[in-house]
file query_15.tsv (TSV, C-alpha atoms and all ligand atoms)
chain	number	residue	atom	x	y	z
A	1	MET	CA	67.85	98.89	104.01
A	2	THR	CA	69.84	100.97	106.53
A	3	GLY	CA	73.60	100.69	106.15
A	4	ARG	CA	73.35	100.27	102.41
A	5	PRO	CA	74.88	102.92	100.13
A	6	VAL	CA	72.43	105.10	98.20
A	7	LEU	CA	72.40	105.41	94.43
A	8	LEU	CA	70.39	107.90	92.34
A	9	VAL	CA	69.75	106.79	88.77
A	10	THR	CA	68.29	109.40	86.44
A	11	GLY	CA	65.95	107.82	83.92
A	12	GLY	CA	65.85	104.70	86.08
A	13	SER	CA	62.37	103.63	85.04
A	14	ARG	CA	63.17	101.98	81.72
A	15	GLY	CA	65.99	100.61	79.53
A	16	ILE	CA	69.57	100.92	80.73
A	17	GLY	CA	68.60	102.91	83.84
A	18	ALA	CA	66.15	100.25	85.00
A	19	ALA	CA	68.77	97.52	84.50
A	20	VAL	CA	71.22	99.59	86.58
A	21	CYS	CA	68.64	99.94	89.39
A	22	ARG	CA	67.92	96.20	89.43
A	23	LEU	CA	71.60	95.18	89.48
A	24	ALA	CA	72.43	97.86	92.07
A	25	ALA	CA	69.81	96.39	94.39
A	26	ARG	CA	71.30	92.91	93.97
A	27	GLN	CA	74.74	94.35	94.81
A	28	GLY	CA	73.55	95.97	98.03
A	29	TRP	CA	72.51	99.51	97.14
A	30	ASN	CA	69.39	101.44	98.06
A	31	VAL	CA	68.11	103.14	94.93
A	32	ALA	CA	66.35	106.39	94.02
A	33	VAL	CA	64.62	105.79	90.69
A	34	ASN	CA	64.11	109.02	88.75
A	35	TYR	CA	61.67	109.10	85.85
A	36	ALA	CA	60.14	111.74	83.58
A	37	ALA	CA	56.59	110.55	82.86
A	38	ASN	CA	56.18	106.78	83.16
A	39	ARG	CA	55.15	106.37	86.80
A	40	ALA	CA	54.05	102.75	86.35
A	41	ALA	CA	57.45	101.73	84.97
A	42	ALA	CA	59.24	103.50	87.84
A	43	ASP	CA	56.97	101.85	90.41
A	44	ALA	CA	57.73	98.44	88.87
A	45	VAL	CA	61.48	99.05	89.24
A	46	VAL	CA	60.98	100.22	92.84
A	47	ALA	CA	59.11	96.98	93.57
A	48	GLU	CA	61.94	94.92	92.05
A	49	VAL	CA	64.56	96.75	94.14
A	50	ARG	CA	62.54	96.18	97.31
A	51	ALA	CA	62.17	92.50	96.44
A	52	GLU	CA	65.99	92.34	96.46
A	53	GLY	CA	66.02	93.81	99.98
A	54	GLY	CA	66.91	97.35	98.97
A	55	GLY	CA	65.21	100.57	99.92
A	56	ALA	CA	63.78	102.40	96.93
A	57	ILE	CA	61.74	105.44	95.95
A	58	ALA	CA	60.48	106.72	92.62
A	59	ILE	CA	61.09	110.43	92.02
A	60	GLN	CA	59.41	112.23	89.14
A	61	GLY	CA	61.56	114.96	87.62
A	62	ASP	CA	62.64	116.26	84.24
A	63	VAL	CA	66.43	116.56	84.09
A	64	GLY	CA	65.85	119.28	81.53
A	65	ASN	CA	64.43	121.44	84.33
A	66	ALA	CA	66.73	122.90	87.02
A	67	GLN	CA	63.95	123.15	89.63
A	68	ASP	CA	63.06	119.50	89.12
A	69	ILE	CA	66.70	118.52	89.61
A	70	ALA	CA	66.96	120.45	92.88
A	71	ALA	CA	63.71	118.89	94.11
A	72	MET	CA	64.90	115.41	93.12
A	73	PHE	CA	68.07	115.65	95.22
A	74	GLU	CA	66.07	117.12	98.14
A	75	ALA	CA	63.78	114.09	97.94
A	76	VAL	CA	66.84	111.81	98.18
A	77	ASP	CA	68.06	113.79	101.22
A	78	ARG	CA	64.67	113.52	102.91
A	79	HIS	CA	64.16	109.83	102.23
A	80	PHE	CA	67.66	108.39	102.60
A	81	GLY	CA	69.70	111.14	104.31
A	82	GLN	CA	72.79	110.32	102.24
A	83	LEU	CA	74.01	109.91	98.66
A	84	ASP	CA	76.88	107.68	97.59
A	85	GLY	CA	76.47	107.33	93.84
A	86	LEU	CA	74.90	109.01	90.82
A	87	VAL	CA	74.28	107.51	87.40
A	88	ASN	CA	73.61	110.27	84.90
A	89	ASN	CA	71.61	108.06	82.58
A	90	ALA	CA	68.52	110.02	81.47
A	91	GLY	CA	68.93	111.02	77.85
A	92	ILE	CA	67.05	111.46	74.61
A	93	VAL	CA	67.54	111.09	70.89
A	94	ASP	CA	65.33	112.68	68.24
A	95	ALA	CA	64.09	111.79	64.78
A	96	PRO	CA	66.79	111.30	62.13
A	97	GLN	CA	67.58	114.64	60.48
A	98	ARG	CA	70.45	116.31	58.69
A	99	VAL	CA	71.98	119.27	60.52
A	100	ASP	CA	70.57	121.66	57.90
A	101	GLU	CA	67.06	120.56	58.90
A	102	MET	CA	67.40	120.90	62.69
A	103	SER	CA	65.42	123.58	64.52
A	104	VAL	CA	66.83	125.65	67.34
A	105	GLU	CA	64.07	124.20	69.58
A	106	ARG	CA	65.30	120.68	68.87
A	107	LEU	CA	68.92	121.62	69.58
A	108	GLU	CA	68.09	123.42	72.81
A	109	ARG	CA	66.01	120.49	74.09
A	110	MET	CA	68.75	118.00	73.20
A	111	MET	CA	71.44	119.99	75.00
A	112	ARG	CA	69.22	120.92	77.96
A	113	ILE	CA	68.35	117.29	78.76
A	114	ASN	CA	71.52	115.46	77.71
A	115	VAL	CA	74.18	118.00	78.70
A	116	THR	CA	72.93	120.69	81.11
A	117	GLY	CA	70.84	118.15	83.01
A	118	SER	CA	73.80	115.81	83.54
A	119	ILE	CA	76.07	118.66	84.64
A	120	LEU	CA	73.49	120.02	87.09
A	121	CYS	CA	72.90	116.55	88.55
A	122	ALA	CA	76.65	116.05	88.95
A	123	SER	CA	76.86	119.43	90.66
A	124	GLU	CA	74.19	118.42	93.19
A	125	ALA	CA	75.96	115.09	93.77
A	126	VAL	CA	79.36	116.74	94.31
A	127	ARG	CA	77.81	119.07	96.89
A	128	ARG	CA	76.71	116.01	98.84
A	129	MET	CA	79.61	113.58	98.27
A	130	SER	CA	82.78	115.69	98.05
A	131	SER	CA	84.98	115.90	101.15
A	132	LYS	CA	85.28	119.62	100.36
A	133	HIS	CA	81.60	119.87	101.31
A	134	GLY	CA	81.87	117.52	104.31
A	135	GLY	CA	80.78	114.48	102.31
A	136	LYS	CA	82.14	110.92	102.61
A	137	GLY	CA	83.03	110.53	98.93
A	138	GLY	CA	81.21	108.70	96.18
A	139	SER	CA	81.12	107.82	92.54
A	140	ILE	CA	79.49	109.27	89.43
A	141	VAL	CA	78.96	107.35	86.20
A	142	ASN	CA	77.87	109.33	83.14
A	143	ILE	CA	76.17	107.50	80.28
A	144	SER	CA	77.73	108.72	77.05
A	145	SER	CA	77.43	106.92	73.71
A	146	MET	CA	79.63	105.55	70.92
A	147	ALA	CA	77.91	108.32	68.94
A	148	ALA	CA	80.36	110.70	70.66
A	149	VAL	CA	83.15	109.06	68.67
A	150	LEU	CA	81.27	108.04	65.50
A	151	GLY	CA	79.33	111.31	64.98
A	152	SER	CA	75.96	109.85	63.86
A	153	ALA	CA	76.04	111.48	60.41
A	154	SER	CA	72.60	111.80	58.73
A	155	GLN	CA	70.96	110.46	61.88
A	156	TYR	CA	71.45	112.84	64.83
A	157	VAL	CA	74.73	114.73	64.95
A	158	ASP	CA	73.20	116.90	67.71
A	159	TYR	CA	72.84	113.82	69.91
A	160	ALA	CA	76.41	112.75	69.10
A	161	ALA	CA	77.68	116.23	70.00
A	162	SER	CA	75.76	116.15	73.29
A	163	LYS	CA	77.46	112.87	74.20
A	164	ALA	CA	80.89	114.21	73.21
A	165	ALA	CA	80.19	116.98	75.73
A	166	ILE	CA	79.54	114.29	78.34
A	167	ASP	CA	82.92	112.67	77.57
A	168	THR	CA	84.76	115.97	78.03
A	169	PHE	CA	82.76	116.82	81.14
A	170	THR	CA	83.68	113.41	82.61
A	171	ILE	CA	87.39	114.07	82.15
A	172	GLY	CA	87.23	117.60	83.54
A	173	LEU	CA	85.06	116.82	86.54
A	174	SER	CA	87.10	113.73	87.41
A	175	ARG	CA	90.20	115.92	87.72
A	176	GLU	CA	88.35	118.67	89.57
A	177	VAL	CA	87.24	116.36	92.40
A	178	ALA	CA	90.00	113.71	92.29
A	179	THR	CA	91.33	114.59	95.75
A	180	GLU	CA	87.84	114.93	97.26
A	181	GLY	CA	86.85	111.25	97.34
A	182	VAL	CA	84.65	111.44	94.26
A	183	ARG	CA	85.41	109.30	91.20
A	184	VAL	CA	83.83	110.25	87.87
A	185	ASN	CA	83.72	107.89	84.90
A	186	ALA	CA	81.65	107.31	81.78
A	187	ILE	CA	80.35	104.42	79.72
A	188	ARG	CA	79.90	104.61	75.97
A	189	PRO	CA	77.17	102.10	75.08
A	190	GLY	CA	76.99	100.93	71.49
A	191	VAL	CA	73.63	99.89	70.02
A	192	ILE	CA	71.56	98.64	72.95
A	193	ASP	CA	68.12	97.11	72.55
A	194	THR	CA	65.84	99.55	74.43
A	195	ASP	CA	62.83	101.76	73.74
A	196	ILE	CA	65.04	104.76	72.89
A	197	HIS	CA	65.19	103.79	69.21
A	198	ALA	CA	61.39	103.78	68.90
A	199	SER	CA	61.37	107.18	70.66
A	200	GLY	CA	63.56	108.44	67.80
A	201	GLY	CA	61.21	106.91	65.20
A	202	LEU	CA	63.40	103.86	64.44
A	203	PRO	CA	61.83	100.95	66.39
A	204	ASN	CA	63.89	98.32	64.53
A	205	ARG	CA	67.22	100.15	64.81
A	206	ALA	CA	68.87	97.66	67.20
A	207	ARG	CA	68.02	94.71	64.92
A	208	ASP	CA	68.81	96.61	61.71
A	209	MET	CA	72.26	97.67	62.95
A	210	ALA	CA	73.35	94.21	64.11
A	211	SER	CA	75.29	93.30	60.96
A	212	SER	CA	77.37	96.50	61.22
A	213	ILE	CA	78.56	95.64	64.74
A	214	PRO	CA	81.76	93.54	64.96
A	215	MET	CA	80.07	91.14	67.38
A	216	GLN	CA	77.08	91.00	64.97
A	217	ARG	CA	74.50	91.77	67.63
A	218	SER	CA	73.10	94.63	69.67
A	219	GLY	CA	73.85	94.77	73.38
A	220	THR	CA	71.50	94.43	76.31
A	221	ALA	CA	70.72	96.93	79.03
A	222	GLU	CA	72.05	94.36	81.52
A	223	GLU	CA	75.46	94.33	79.79
A	224	ILE	CA	75.67	98.10	80.28
A	225	ALA	CA	74.52	97.78	83.90
A	226	ASP	CA	77.37	95.34	84.64
A	227	ALA	CA	79.92	97.94	83.52
A	228	VAL	CA	78.19	100.76	85.42
A	229	LEU	CA	78.10	98.80	88.67
A	230	TYR	CA	81.77	97.90	88.26
A	231	LEU	CA	82.73	101.57	87.93
A	232	LEU	CA	80.56	102.48	90.93
A	233	SER	CA	82.10	99.78	93.10
A	234	PRO	CA	85.18	99.93	95.35
A	235	THR	CA	86.78	97.43	92.93
A	236	ALA	CA	87.28	100.44	90.63
A	237	SER	CA	88.90	102.51	93.40
A	238	TYR	CA	91.81	103.75	91.22
A	239	ILE	CA	89.68	104.45	88.16
A	240	THR	CA	88.58	108.02	87.50
A	241	GLY	CA	88.25	109.98	84.27
A	242	ALA	CA	87.87	106.72	82.34
A	243	ILE	CA	85.48	106.32	79.41
A	244	LEU	CA	84.68	102.67	78.78
A	245	ASN	CA	83.28	101.50	75.43
A	246	VAL	CA	80.65	98.77	75.91
A	247	SER	CA	79.77	98.34	72.28
A	248	GLY	CA	80.53	94.88	70.93
A	249	GLY	CA	83.60	96.29	69.17
A	250	ARG	CA	81.76	99.06	67.34
A	301	LIG	P1	65.11	104.64	77.12
A	301	LIG	O1	64.86	103.18	77.05
A	301	LIG	O2	64.43	105.57	76.18
A	301	LIG	O3	64.82	105.12	78.63
A	301	LIG	C1	64.96	106.46	78.93
A	301	LIG	C2	64.81	106.67	80.41
A	301	LIG	O4	65.12	108.04	80.68
A	301	LIG	C3	63.39	106.45	80.90
A	301	LIG	O5	63.48	105.99	82.23
A	301	LIG	C4	62.79	107.85	80.83
A	301	LIG	O6	61.75	108.07	81.78
A	301	LIG	C5	63.99	108.68	81.23
A	301	LIG	N1	63.97	110.05	80.72
A	301	LIG	C6	63.84	110.48	79.44
A	301	LIG	N2	63.88	111.83	79.39
A	301	LIG	C7	64.01	112.24	80.68
A	301	LIG	C8	64.08	113.50	81.30
A	301	LIG	N3	64.02	114.65	80.58
A	301	LIG	N4	64.22	113.57	82.65
A	301	LIG	C9	64.26	112.44	83.39
A	301	LIG	N5	64.21	111.21	82.86
A	301	LIG	C10	64.08	111.12	81.52
A	301	LIG	O7	66.67	104.97	76.97
A	301	LIG	P2	67.99	104.02	77.07
A	301	LIG	O8	68.22	103.41	75.75
A	301	LIG	O9	67.91	103.17	78.28
A	301	LIG	O10	69.11	105.15	77.24
A	301	LIG	C11	69.64	105.50	78.49
A	301	LIG	C12	70.90	106.31	78.24
A	301	LIG	O11	71.82	105.54	77.47
A	301	LIG	C13	70.67	107.60	77.46
A	301	LIG	O12	71.49	108.62	77.97
A	301	LIG	C14	71.10	107.24	76.06
A	301	LIG	O13	71.54	108.35	75.31
A	301	LIG	C15	72.24	106.28	76.36
A	301	LIG	N6	72.57	105.38	75.24
A	301	LIG	C16	71.65	104.49	74.79
A	301	LIG	C17	71.99	103.67	73.72
A	301	LIG	C18	71.04	102.65	73.15
A	301	LIG	O14	71.34	102.11	72.06
A	301	LIG	N7	69.94	102.36	73.79
A	301	LIG	C19	73.26	103.78	73.13
A	301	LIG	C20	74.14	104.70	73.63
A	301	LIG	C21	73.79	105.50	74.69
A	301	LIG	P3	60.19	107.71	81.45
A	301	LIG	O15	60.08	106.21	81.62
A	301	LIG	O16	59.40	108.44	82.46
A	301	LIG	O17	59.94	108.14	80.05
call {"tool": "encode", "arguments": {"input": "query_15.tsv", "output": "structure tokens"}}
result
Amino acid sequence: MTGRPVLLVTGGSRGIGAAVCRLAARQGWNVAVNYAANRAAADAVVAEVRAEGGGAIAIQGDVGNAQDIAAMFEAVDRHFGQLDGLVNNAGIVDAPQRVDEMSVERLERMMRINVTGSILCASEAVRRMSSKHGGKGGSIVNISSMAAVLGSASQYVDYAASKAAIDTFTIGLSREVATEGVRVNAIRPGVIDTDIHASGGLPNRARDMASSIPMQRSGTAEEIADAVLYLLSPTASYITGAILNVSGGR
């Protein structure tokens, strides 16, 4: 496990994040698996990473909480002593509502987790990876959504707006650190078959949406992971500020 680059994946215990952790291990990374509540799922991903020969730890922490974020990066420092990549993957949806029904509590939670959390995590990563801070460089991949472009009318425009913020943040940060060895890119997944839809009260959403997708099917977490690992890799050495749709044409 020594000599391998170190990747932190927020929300790495389930869905897209877990697929990223598993593929990262196969491609030679050590992995820090962040999770919010589901310790058993995080431990299962850690076991899978170790089975691939990678070092791995599970780190509990709510990306909606600044203290938790600081503690999470300190845990990475203590355990691995380096950081080479960050995938800002943890994110939430909420129950379908029109904007004229949304509470301020809902909006603040959505923005705190999806936007502020990702920006704070990127900040911690830049402090460790940027040559300006004595770092050796690295790569950040932010998980946006096609919702950023489509707007999610009558479903969750707050979520769509939070992901549009991620797109803009990706462009700005990529330019801010472009000469410091840090590349910053984003993926916009389309409809991907994970637990997130049930969390928003629509357990059949991936199946129900299939006919509206040009490729006539939802995507898999593994298809998103392939794109994430490409952007993290040296093969993408001249790519920064890019936002890649992985959405079956949606
Ligand atoms: P998911 O299956 O619901 O998994 C969410 C993961 O994030 C879990 O590991 C969960 O941890 C963790 N998490 C949730 N809230 C957190 C918090 N406050 N702090 C730390 N970790 C937290 O979600 P997914 O579908 O894989 O989505 C991953 C990302 O892709 C999200 O940013 C989402 O917006 C984006 N995305 C998904 C789709 C899709 O169709 N699935 C489409 C576009 C974009 P626990 O296991 O502890 O709960």
call {"tool": "residues_near_ligand", "arguments": {"input": "query_15.tsv", "ligand": "ligand LIG 301 (chain A)", "cutoff": "7 Å", "atoms": "all atoms listed in the file", "output": "PyMOL selection string"}}
result
chain A and resi 10-18+34-39+41-42+61-64+89-93+113-114+143-146+188-197+199+221
call {"tool": "residues_around", "arguments": {"input": "query_15.tsv", "residues": "A:Thr168", "least_positions_apart": "3", "cutoff": "12 Å", "atoms": "all atoms listed in the file", "output": "ChimeraX atom specification"}}
result
/A:115,119,142,144,148-149,161-165,171-175,184-186,241-243
call {"tool": "closest_atom_pairs", "arguments": {"input": "query_15.tsv", "of": "stretch 106-170 of chain A", "to": "stretch 66-81 of chain A", "cutoff": "8 Å", "atoms": "only C-alpha atoms", "output": "Markdown table"}}
result
| residue | atom | partner | partner_atom | distance |
| --- | --- | --- | --- | --- |
| A:Gly117 | CA | A:Ala66 | CA | 7.5 |
| A:Leu120 | CA | A:Ala66 | CA | 7.3 |
| A:Cys121 | CA | A:Ile69 | CA | 6.6 |
| A:Glu124 | CA | A:Phe73 | CA | 7.0 |
call {"tool": "closest_residue", "arguments": {"input": "query_15.tsv", "among": "A:Val246, A:Ala56, A:Val157, A:Ala32", "to": "A:Arg106", "atoms": "all atoms listed in the file"}}
result
A:Val157
call {"tool": "atom_distance", "arguments": {"input": "query_15.tsv", "atom1": "atom CA of A:Gly28", "atom2": "atom CA of A:Gly55"}}
result
9.7 Å
call {"tool": "atom_distance", "arguments": {"input": "query_15.tsv", "atom1": "atom CA of A:Glu180", "atom2": "atom CA of A:Lys132"}}
result
6.2 Å
call {"tool": "residues_around", "arguments": {"input": "query_15.tsv", "residues": "A:Gln82", "least_positions_apart": "3", "cutoff": "12 Å", "atoms": "only C-alpha atoms", "output": "PDB file with C-alpha atoms, keeping the file's coordinate frame"}}
result
ATOM      1  CA  THR A   2      69.840 100.970 106.530  1.00  0.00           C
ATOM      2  CA  GLY A   3      73.600 100.690 106.150  1.00  0.00           C
ATOM      3  CA  ARG A   4      73.350 100.270 102.410  1.00  0.00           C
ATOM      4  CA  PRO A   5      74.880 102.920 100.130  1.00  0.00           C
ATOM      5  CA  VAL A   6      72.430 105.100  98.200  1.00  0.00           C
ATOM      6  CA  LEU A   7      72.400 105.410  94.430  1.00  0.00           C
ATOM      7  CA  LEU A   8      70.390 107.900  92.340  1.00  0.00           C
ATOM      8  CA  TRP A  29      72.510  99.510  97.140  1.00  0.00           C
ATOM      9  CA  ASN A  30      69.390 101.440  98.060  1.00  0.00           C
ATOM     10  CA  VAL A  31      68.110 103.140  94.930  1.00  0.00           C
ATOM     11  CA  ALA A  32      66.350 106.390  94.020  1.00  0.00           C
ATOM     12  CA  PHE A  73      68.070 115.650  95.220  1.00  0.00           C
ATOM     13  CA  GLU A  74      66.070 117.120  98.140  1.00  0.00           C
ATOM     14  CA  ALA A  75      63.780 114.090  97.940  1.00  0.00           C
ATOM     15  CA  VAL A  76      66.840 111.810  98.180  1.00  0.00           C
ATOM     16  CA  ASP A  77      68.060 113.790 101.220  1.00  0.00           C
ATOM     17  CA  ARG A  78      64.670 113.520 102.910  1.00  0.00           C
ATOM     18  CA  HIS A  79      64.160 109.830 102.230  1.00  0.00           C
ATOM     19  CA  GLY A  85      76.470 107.330  93.840  1.00  0.00           C
ATOM     20  CA  LEU A  86      74.900 109.010  90.820  1.00  0.00           C
ATOM     21  CA  ALA A 125      75.960 115.090  93.770  1.00  0.00           C
ATOM     22  CA  ARG A 127      77.810 119.070  96.890  1.00  0.00           C
ATOM     23  CA  ARG A 128      76.710 116.010  98.840  1.00  0.00           C
ATOM     24  CA  MET A 129      79.610 113.580  98.270  1.00  0.00           C
ATOM     25  CA  GLY A 134      81.870 117.520 104.310  1.00  0.00           C
ATOM     26  CA  GLY A 135      80.780 114.480 102.310  1.00  0.00           C
ATOM     27  CA  LYS A 136      82.140 110.920 102.610  1.00  0.00           C
ATOM     28  CA  GLY A 137      83.030 110.530  98.930  1.00  0.00           C
ATOM     29  CA  GLY A 138      81.210 108.700  96.180  1.00  0.00           C
TER      30      GLY A 138
END
call {"tool": "atom_distance", "arguments": {"input": "query_15.tsv", "atom1": "atom CA of A:Asp167", "atom2": "atom CA of A:Ser212"}}
result
23.7 Å
call {"tool": "residues_around", "arguments": {"input": "query_15.tsv", "residues": "A:Glu48", "least_positions_apart": "4", "cutoff": "7 Å", "atoms": "all atoms listed in the file", "output": "ChimeraX atom specification"}}
result
/A:22,44,52
call {"tool": "axis_aligned_box", "arguments": {"input": "query_15.tsv", "around": "stretch 227-232 of chain A", "padding_each_side": "8 Å", "output": "AutoDock Vina command-line options"}}
result
--center_x 80.4 --center_y 100.2 --center_z 87.2 --size_x 20.6 --size_y 20.6 --size_z 23.4
call {"tool": "residues_around", "arguments": {"input": "query_15.tsv", "residues": "A:Pro96", "least_positions_apart": "6", "cutoff": "10 Å", "atoms": "only C-alpha atoms", "output": "PDB file with C-alpha atoms, in the frame of the given file"}}
result
ATOM      1  CA  MET A 102      67.400 120.900  62.690  1.00  0.00           C
ATOM      2  CA  SER A 152      75.960 109.850  63.860  1.00  0.00           C
ATOM      3  CA  ALA A 153      76.040 111.480  60.410  1.00  0.00           C
ATOM      4  CA  SER A 154      72.600 111.800  58.730  1.00  0.00           C
ATOM      5  CA  GLN A 155      70.960 110.460  61.880  1.00  0.00           C
ATOM      6  CA  TYR A 156      71.450 112.840  64.830  1.00  0.00           C
ATOM      7  CA  VAL A 157      74.730 114.730  64.950  1.00  0.00           C
ATOM      8  CA  GLY A 200      63.560 108.440  67.800  1.00  0.00           C
ATOM      9  CA  GLY A 201      61.210 106.910  65.200  1.00  0.00           C
ATOM     10  CA  LEU A 202      63.400 103.860  64.440  1.00  0.00           C
TER      11      LEU A 202
END
call {"tool": "closest_residue", "arguments": {"input": "query_15.tsv", "among": "A:His133, A:Arg205, A:Tyr159, A:Ala198", "to": "A:Val177", "atoms": "only C-alpha atoms"}}
result
A:His133
call {"tool": "closest_residue", "arguments": {"input": "query_15.tsv", "among": "A:Ala160, A:Leu232, A:Ile213, A:Ala24", "to": "A:Arg50", "atoms": "only C-alpha atoms"}}
result
A:Ala24
call {"tool": "residues_near_point", "arguments": {"input": "query_15.tsv", "point": "(80.8, 99.4, 91.8)", "cutoff": "10 Å", "atoms": "all atoms listed in the file", "output": "ChimeraX atom specification"}}
result
/A:24,27,29,85,139,141,226-237
call {"tool": "closest_residue", "arguments": {"input": "query_15.tsv", "among": "A:Ala206, A:Leu244, A:Ile224, A:Ile166", "to": "A:Cys21", "atoms": "only C-alpha atoms"}}
result
A:Ile224
